[in-house]
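**Q** Compact mmCIF, C-alpha atoms and all ligand atoms, saved as my_file.txt, coming up:
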# COMPACT_ATOMS: atom_id res chain seq x y z
CA MET A 6 52.17 31.00 -5.22
CA PHE A 7 49.05 28.93 -4.75
CA ILE A 8 48.50 26.34 -2.06
CA ASN A 9 46.09 23.64 -3.12
CA VAL A 10 43.97 22.73 -0.11
CA SER A 11 41.84 20.00 -1.69
CA ASN A 12 44.23 17.29 -0.51
CA LEU A 13 44.69 18.67 2.98
CA LYS A 14 43.56 16.23 5.62
CA PRO A 15 41.87 17.47 8.80
CA ASP A 16 44.40 18.53 11.43
CA GLN A 17 47.28 18.13 9.01
CA ILE A 18 49.52 21.19 9.16
CA GLN A 19 51.54 22.37 6.20
CA GLU A 20 54.30 24.91 6.58
CA PHE A 21 55.60 27.34 3.98
CA LYS A 22 58.51 29.74 4.17
CA GLY A 23 59.98 32.18 1.76
CA ASP A 24 61.87 35.36 1.09
CA LEU A 25 62.45 37.91 -1.66
CA ASN A 26 64.71 35.54 -3.58
CA GLN A 27 61.54 33.88 -4.78
CA ASP A 28 60.18 35.50 -7.92
CA TRP A 29 56.48 35.01 -7.17
CA LEU A 30 56.94 36.79 -3.84
CA LYS A 31 58.93 39.64 -5.34
CA GLN A 32 56.17 39.95 -7.92
CA ALA A 33 53.38 39.93 -5.33
CA LEU A 34 55.04 42.64 -3.24
CA SER A 35 56.02 44.82 -6.18
CA SER A 36 52.59 46.48 -6.16
CA VAL A 37 52.95 47.60 -2.55
CA GLU A 38 53.27 51.38 -2.51
CA HIS A 39 56.59 51.34 -0.65
CA GLU A 40 59.71 49.61 -1.88
CA VAL A 41 60.30 46.38 0.02
CA ILE A 42 64.01 45.63 0.38
CA GLU A 43 63.90 42.70 2.74
CA TYR A 44 61.13 40.20 3.43
CA ARG A 45 60.74 36.80 5.03
CA PHE A 46 57.61 34.89 5.91
CA ASP A 47 56.59 31.73 7.66
CA LEU A 48 53.09 30.36 7.17
CA THR A 49 51.19 27.33 8.38
CA VAL A 50 47.99 26.07 6.79
CA GLU A 51 45.63 23.77 8.62
CA LYS A 52 42.24 22.39 7.71
CA LYS A 53 39.84 22.60 10.61
CA GLY A 54 36.41 21.28 9.80
CA GLU A 55 34.56 23.87 7.78
CA PHE A 56 37.43 26.25 7.36
CA ILE A 57 41.12 26.57 6.74
CA GLU A 58 43.25 28.35 9.27
CA LEU A 59 46.31 30.29 8.19
CA ASP A 60 48.86 31.44 10.73
CA GLY A 61 51.55 33.67 9.41
CA ALA A 62 54.47 35.75 10.53
CA PHE A 63 56.62 38.05 8.46
CA SER A 64 59.37 40.60 8.88
CA GLY A 65 61.64 42.70 6.76
CA LYS A 66 62.55 46.22 5.75
CA ALA A 67 60.86 48.78 3.52
CA MET A 68 61.93 52.11 2.06
CA PRO A 69 58.94 54.44 2.18
CA GLU A 70 59.12 58.08 1.21
CA CYS A 71 58.66 60.51 4.10
CA VAL A 72 55.39 62.40 3.58
CA ARG A 73 57.01 65.59 4.88
CA CYS A 74 60.44 65.83 3.28
CA LEU A 75 59.97 63.23 0.51
CA GLU A 76 63.26 61.56 1.40
CA LYS A 77 63.33 57.78 1.35
CA PHE A 78 64.21 56.11 4.60
CA GLU A 79 64.42 52.59 5.90
CA ILE A 80 61.92 51.09 8.32
CA PRO A 81 61.89 47.59 9.75
CA PHE A 82 58.52 45.85 10.01
CA GLN A 83 57.19 42.67 11.47
CA ASN A 84 53.76 41.27 12.13
CA ARG A 85 51.73 38.14 12.64
CA PHE A 86 48.30 37.29 11.34
CA ARG A 87 45.67 34.61 11.59
CA LEU A 88 43.05 34.14 8.93
CA PHE A 89 40.13 31.77 8.60
CA LEU A 90 39.11 30.90 5.09
CA TYR A 91 35.70 29.49 4.43
CA LYS A 92 35.32 27.61 1.23
CA ASP A 93 31.60 27.92 0.72
CA GLU A 94 31.02 31.64 0.83
CA GLY A 95 34.48 32.39 -0.40
CA ALA A 96 34.80 34.93 2.39
CA TYR A 97 37.36 34.96 5.11
CA VAL A 98 37.69 36.66 8.43
CA GLY A 99 40.98 37.90 9.79
CA ASP A 100 41.63 38.97 13.33
CA GLY A 101 44.66 41.07 12.44
CA GLY A 102 46.84 39.54 15.10
CA GLU A 103 46.16 41.00 18.52
CA HIS A 104 43.01 42.85 17.64
CA GLU A 105 39.47 41.83 18.29
CA LEU A 106 37.38 40.60 15.43
CA LYS A 107 35.60 43.49 13.76
CA GLN A 108 33.16 43.82 10.93
CA ASP A 109 35.79 45.84 9.09
CA ASP A 110 37.98 42.79 8.88
CA LEU A 111 35.61 41.02 6.53
CA GLU A 112 37.25 40.93 3.16
CA PHE A 113 37.04 39.23 -0.16
CA SER A 114 38.52 35.82 -0.36
CA PRO A 115 42.02 34.92 -1.43
CA LEU A 116 40.63 31.38 -1.70
CA LYS A 117 40.00 30.59 -5.34
CA GLY A 118 38.36 27.21 -5.68
CA ASP A 119 40.73 24.90 -3.84
CA LYS A 120 43.68 27.25 -4.10
CA ILE A 121 44.92 29.86 -1.67
CA ASP A 122 46.63 32.84 -3.25
CA VAL A 123 49.54 33.27 -0.84
CA GLY A 124 51.05 36.27 -2.63
CA GLU A 125 47.76 38.15 -2.36
CA ILE A 126 47.48 37.43 1.36
CA LEU A 127 51.05 38.48 2.11
CA ARG A 128 50.69 41.63 0.02
CA GLU A 129 47.54 42.64 1.87
CA GLN A 130 49.00 41.93 5.30
CA LEU A 131 52.08 43.98 4.50
CA ILE A 132 50.00 46.95 3.36
CA LEU A 133 48.08 46.78 6.65
CA THR A 134 51.37 46.76 8.56
CA LEU A 135 53.21 49.60 6.85
CA PRO A 136 52.38 53.15 7.96
CA ASP A 137 49.89 55.13 5.88
CA TYR A 138 51.80 58.37 6.47
CA PRO A 139 55.46 57.51 6.93
CA ILE A 140 57.56 60.17 8.63
CA CYS A 141 61.35 59.78 8.65
CA ASN A 142 61.69 61.40 12.04
CA THR A 143 59.13 62.96 14.38
CA LEU A 144 61.23 66.14 14.23
CA CYS A 145 61.22 66.19 10.44
CA SER A 146 60.30 69.73 9.42
CA GLY A 147 59.59 68.91 5.83
CA ILE A 148 61.08 70.44 2.75
CA ASN A 149 63.18 73.52 3.51
CA THR A 150 62.89 76.12 0.82
ZN ZN A 201 61.19 63.55 6.52
Any chance you could give the structure as structure tokens?
**A**
Amino acid sequence: MFINVSNLKPDQIQEFKGDLNQDWLKQALSSVEHEVIEYRFDLTVEKKGEFIELDGAFSGKAMPECVRCLEKFEIPFQNRFRLFLYKDEGAYVGDGGEHELKQDDLEFSPLKGDKIDVGEILREQLILTLPDYPICNTLCSGINT
């Protein structure tokens, strides 16, 4: 889904919500490494002078494969994010929620012309939220042979 920001007036806030019943969202999250079985998001977009601020929150459930025993298991997730999109350079800076702004957070822009690629943003934020090395249980001893 694309949000066209060319008609946004300063200080006007637009809100978007969605869940996996929407095809574009299902499509966007299908390339996430872990299977996503439940997902909801809430996003506000606001034009503030030179940049566009996005505030988002999402939650749901995923079914990653345990890196030790290779069994799939369910994990709940939830996170918030705030991004600032600058039109001119096409770059945006995200603060990753609670964290301090770091150079590492500089990324390529999901802002294409006047359009924000919401699916791309949500996909990226979900990847950042899910564990890199999922373990079904801290006591998991792996595959027993
Ligand atoms: Zn395991």
**Q** Check the smallest atom-to-atom distance from each of A:Cys74, A:Leu59, A:Leu90, A:Ile8 to ligand ZN 201 (chain A) using all atoms listed in the file, then report the winner.
**A**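 Looking only at the distances to ligand ZN 201 (chain A), the closest residue turns out to be A:Cys74.
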**Q** Please tabulate, as CSV, the residues of chain A that come within 12 Å of ligand ZN 201 (chain A), each with its closest pair of atoms and the distance in Å to one decimal, counting all atoms listed in the file and ordering rows by chain, then residue number upward.
**A**
residue,atom,partner,partner_atom,distance
A:Pro69,CA,A:ZN201,ZN,10.3
A:Glu70,CA,A:ZN201,ZN,7.9
A:Cys71,CA,A:ZN201,ZN,4.6
A:Val72,CA,A:ZN201,ZN,6.6
A:Arg73,CA,A:ZN201,ZN,4.9
A:Cys74,CA,A:ZN201,ZN,4.0
A:Leu75,CA,A:ZN201,ZN,6.1
A:Glu76,CA,A:ZN201,ZN,5.9
A:Lys77,CA,A:ZN201,ZN,8.0
A:Phe78,CA,A:ZN201,ZN,8.3
A:Glu79,CA,A:ZN201,ZN,11.4
A:Tyr138,CA,A:ZN201,ZN,10.7
A:Pro139,CA,A:ZN201,ZN,8.3
A:Ile140,CA,A:ZN201,ZN,5.4
A:Cys141,CA,A:ZN201,ZN,4.3
A:Asn142,CA,A:ZN201,ZN,5.9
A:Thr143,CA,A:ZN201,ZN,8.1
A:Leu144,CA,A:ZN201,ZN,8.1
A:Cys145,CA,A:ZN201,ZN,4.7
A:Ser146,CA,A:ZN201,ZN,6.9
A:Gly147,CA,A:ZN201,ZN,5.6
A:Ile148,CA,A:ZN201,ZN,7.9
A:Asn149,CA,A:ZN201,ZN,10.6
**Q** Taking into account only C-alpha atoms, which residue in the set A:Leu25, A:Leu88, A:Val37, A:Leu133 is nearest to Gly61 (chain A)?
**A**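 Of A:Leu25, A:Leu88, A:Val37, A:Leu133, the one nearest Gly61 (chain A), counting only C-alpha atoms, is A:Leu88.
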**Q** I'd like the contact shell of Leu30 (chain A) - 9 Å cut-off, all atoms listed in the file, skipping same-chain residues fewer than 4 positions apart - returned as a VMD selection string.
**A** chain A and resid 6 23 to 26 34 to 35 123 to 124 127 to 128
**Q** Which one of A:Gly54, A:Val41, A:Asp16, A:Asp60 sits closest to Leu135 (chain A) if you count only C-alpha atoms?
**A**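 Nearest to Leu135 (chain A): A:Val41.
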